[in-house]
$ cat final-v1.txt   # compact mmCIF, C-alpha atoms
# COMPACT_ATOMS: atom_id res chain seq x y z
CA HIS A 25 101.26 14.43 156.08
CA LYS A 26 102.65 11.06 157.12
CA ALA A 27 101.62 8.35 159.58
CA VAL A 28 103.77 5.48 160.84
CA PHE A 29 102.23 2.16 161.86
CA SER A 30 104.26 -0.66 163.42
CA GLY A 31 103.60 -4.16 164.66
CA ASN A 32 101.55 -6.61 162.62
CA VAL A 33 100.13 -3.97 160.24
CA ILE A 34 97.40 -4.94 157.77
CA ALA A 35 95.97 -2.58 155.14
CA LYS A 36 92.96 -3.61 153.04
CA GLN A 37 91.27 -2.08 150.02
CA GLY A 38 88.42 -4.05 148.48
CA ASN A 39 89.66 -7.59 147.85
CA ILE A 40 93.39 -6.81 148.15
CA SER A 41 95.47 -6.81 151.31
CA MET A 42 98.98 -5.67 152.27
CA GLN A 43 100.75 -6.73 155.45
CA ALA A 44 104.12 -5.82 157.00
CA SER A 45 105.77 -5.15 160.32
CA ARG A 46 105.94 -1.40 159.55
CA MET A 47 104.02 0.87 157.18
CA LEU A 48 104.46 4.54 156.36
CA VAL A 49 101.29 6.12 154.98
CA PHE A 50 101.65 9.36 153.03
CA TYR A 51 98.65 11.66 152.72
CA ASP A 52 97.96 14.17 149.96
CA ASP A 53 95.60 17.13 150.38
CA ASN A 54 94.55 16.79 146.73
CA ALA A 55 94.21 12.98 146.52
CA GLY A 56 90.56 12.14 146.28
CA ALA A 57 89.58 15.82 146.13
CA GLN A 58 87.96 15.47 142.72
CA GLN A 59 86.04 12.40 143.83
CA ASN A 60 84.81 14.14 146.97
CA ALA A 61 84.20 17.60 145.45
CA THR A 62 80.68 16.77 144.35
CA ALA A 63 79.86 15.47 147.82
CA GLY A 64 81.27 18.65 149.42
CA MET A 65 83.97 16.77 151.32
CA GLY A 66 87.52 18.15 151.67
CA VAL A 67 89.13 14.86 152.65
CA LYS A 68 92.84 14.11 152.57
CA GLY A 69 93.55 10.95 150.60
CA ILE A 70 96.34 8.40 150.78
CA SER A 71 98.88 8.90 148.02
CA ARG A 72 101.47 6.23 148.92
CA ILE A 73 102.09 3.39 151.35
CA GLU A 74 105.60 2.09 152.07
CA ALA A 75 105.75 -1.32 153.74
CA GLU A 76 108.92 -2.66 155.38
CA GLY A 77 109.83 -5.80 157.27
CA GLY A 78 108.46 -8.79 155.44
CA ALA A 79 105.96 -7.18 153.09
CA PHE A 80 103.10 -9.41 151.95
CA PHE A 81 100.48 -8.62 149.31
CA SER A 82 97.47 -10.73 148.38
CA SER A 83 94.70 -10.53 145.81
CA PRO A 84 92.14 -13.14 144.75
CA ARG A 85 94.55 -14.49 142.07
CA GLU A 86 97.99 -14.29 143.71
CA THR A 87 100.19 -13.60 146.69
CA VAL A 88 103.54 -11.80 146.74
CA ARG A 89 106.19 -11.70 149.47
CA GLY A 90 109.19 -9.39 149.55
CA ASP A 91 111.47 -7.46 151.86
CA LYS A 92 109.63 -4.18 151.21
CA ALA A 93 106.82 -2.74 149.09
CA VAL A 94 105.64 0.62 147.80
CA TYR A 95 101.99 1.11 146.83
CA GLU A 96 101.48 4.18 144.61
CA VAL A 97 97.74 4.72 145.10
CA ASN A 98 97.15 7.20 142.25
CA GLN A 99 98.95 4.99 139.72
CA GLN A 100 97.31 1.85 141.17
CA GLN A 101 100.71 0.17 141.19
CA ILE A 102 102.62 -1.88 143.76
CA ARG A 103 106.38 -2.44 143.62
CA MET A 104 107.91 -5.21 145.75
CA ASP A 105 111.68 -5.33 146.30
CA GLY A 106 114.10 -7.89 147.71
CA ASN A 107 113.67 -11.67 147.73
CA VAL A 108 110.33 -11.51 145.92
CA ILE A 109 108.19 -14.66 145.74
CA LEU A 110 105.09 -14.54 143.53
CA THR A 111 102.55 -17.36 143.84
CA ARG A 112 99.73 -17.61 141.31
CA ASP A 113 97.59 -20.75 141.55
CA LYS A 114 100.24 -23.50 142.01
CA ASN A 115 102.93 -21.60 140.07
CA VAL A 116 105.79 -19.98 142.01
CA LEU A 117 108.21 -17.34 140.67
CA LYS A 118 111.21 -15.83 142.47
CA GLY A 119 113.13 -12.65 141.67
CA SER A 120 114.35 -9.41 143.19
CA GLN A 121 111.71 -6.90 142.05
CA LEU A 122 108.07 -7.10 141.03
CA THR A 123 105.85 -4.36 139.64
CA TYR A 124 102.12 -5.12 139.81
CA ASN A 125 99.47 -2.98 138.09
CA LEU A 126 96.23 -3.31 140.06
CA LYS A 127 94.14 -1.86 137.24
CA THR A 128 95.28 -4.32 134.55
CA GLY A 129 96.33 -7.24 136.77
CA LYS A 130 99.67 -7.38 134.91
CA SER A 131 102.84 -8.11 136.88
CA VAL A 132 106.49 -7.86 135.80
CA LEU A 133 109.13 -9.78 137.77
CA SER A 134 112.85 -9.08 137.35
CA ALA A 135 116.10 -10.15 138.96
CA GLY A 136 119.18 -8.19 139.93
CA GLY A 137 122.62 -9.36 138.92
CA GLY A 138 124.69 -7.69 141.63
CA SER A 139 125.18 -7.95 145.34
CA GLY A 140 123.60 -4.59 146.18
CA VAL A 141 120.40 -3.84 148.04
CA GLY A 142 117.49 -5.84 146.66
CA ALA A 143 119.70 -8.14 144.58
CA SER A 144 118.77 -11.80 144.60
CA SER A 145 121.31 -14.50 145.28
CA GLY A 146 120.23 -16.34 142.13
CA GLY A 147 122.86 -14.84 139.81
CA GLY A 148 120.52 -12.38 138.14
CA ARG A 149 117.83 -14.85 137.06
CA VAL A 150 114.14 -15.11 137.68
CA LYS A 151 113.35 -18.65 138.80
CA GLY A 152 110.01 -20.35 138.41
CA LEU A 153 108.10 -23.53 139.06
CA PHE A 154 105.12 -24.02 136.73
CA VAL A 155 102.46 -26.62 137.46
CA PRO A 156 100.21 -27.39 134.48
CA ASN A 157 96.49 -27.80 134.97
CA GLN A 158 95.49 -31.46 134.94
CA LYS A 159 92.33 -32.41 133.07
CA GLY A 160 90.59 -35.72 133.81
CA GLN A 161 92.80 -38.50 135.02

$ encode --input "final-v1.txt" --output "structure tokens"
Amino acid sequence: HKAVFSGNVIAKQGNISMQASRMLVFYDDNAGAQQNATAGMGVKGISRIEAEGGAFFSSPRETVRGDKAVYEVNQQQIRMDGNVILTRDKNVLKGSQLTYNLKTGKSVLSAGGGSGVGASSGGGRVKGLFVPNQKGQ
């Protein structure tokens, strides 16, 4: 129950988009079954998408870049790992891992302190550049 896509892969759902050089899509026989039961459809749904090779996520409010991403469809949550850059309006944040809840719009950015996989080179700190809104000049 898995499909592998490679090249310039783009996945869209509504007004969000995920892009990477390789995506693994995991299907679940039960995902979406309740939604489709009333319509008499026995459709397999997507339960998880793993994106590797320069993962990029965008929504109307922000964009996120990272080395890889995992989209847990049922939990409506995306986790980005490795050299994460979050851009919201003109504000830019950098860290090693981001968890984004699509339902609430809340994101949590953290930084690793070691030299292991996914650790940032910033000494375990989240770095940010905040640009205040300018009103009337």

$ closest_residue --input "final-v1.txt" --among "A:Val97, A:Leu48, A:Ile102, A:Val88" --to "Gly119 (chain A)" --atoms "all atoms listed in the file"
A:Val88

$ residues_around --input "final-v1.txt" --residues "Ser82 (chain A)" --least-positions-apart "6" --cutoff "12 Å" --atoms "all atoms listed in the file" --output "ChimeraX atom specification"
/A:34-44,88-90,102,109-112,124,126

$ residues_around --input "final-v1.txt" --residues "Val132 (chain A)" --least-positions-apart "4" --cutoff "9 Å" --atoms "only C-alpha atoms" --output "list of chain:residue names"
A:Gln121, A:Leu122, A:Thr123, A:Tyr124, A:Asn125

$ atom_distance --input "final-v1.txt" --atom1 "CA of Asp52 (chain A)" --atom2 "CA of His25 (chain A)"
7.0 Å

$ residues_around --input "final-v1.txt" --residues "Lys92 (chain A)" --least-positions-apart "6" --cutoff "6 Å" --atoms "all atoms listed in the file" --output "PyMOL selection string"
chain A and resi 75-76+79+104-105

$ closest_residue --input "final-v1.txt" --among "A:Ser30, A:Asn98, A:Ser134, A:Thr128" --to "Val150 (chain A)" --atoms "all atoms listed in the file"
A:Ser134

$ atom_distance --input "final-v1.txt" --atom1 "CA of Lys151 (chain A)" --atom2 "CA of Lys118 (chain A)"
5.1 Å

$ atom_distance --input "final-v1.txt" --atom1 "CA of Asp113 (chain A)" --atom2 "CA of Gly31 (chain A)"
29.1 Å
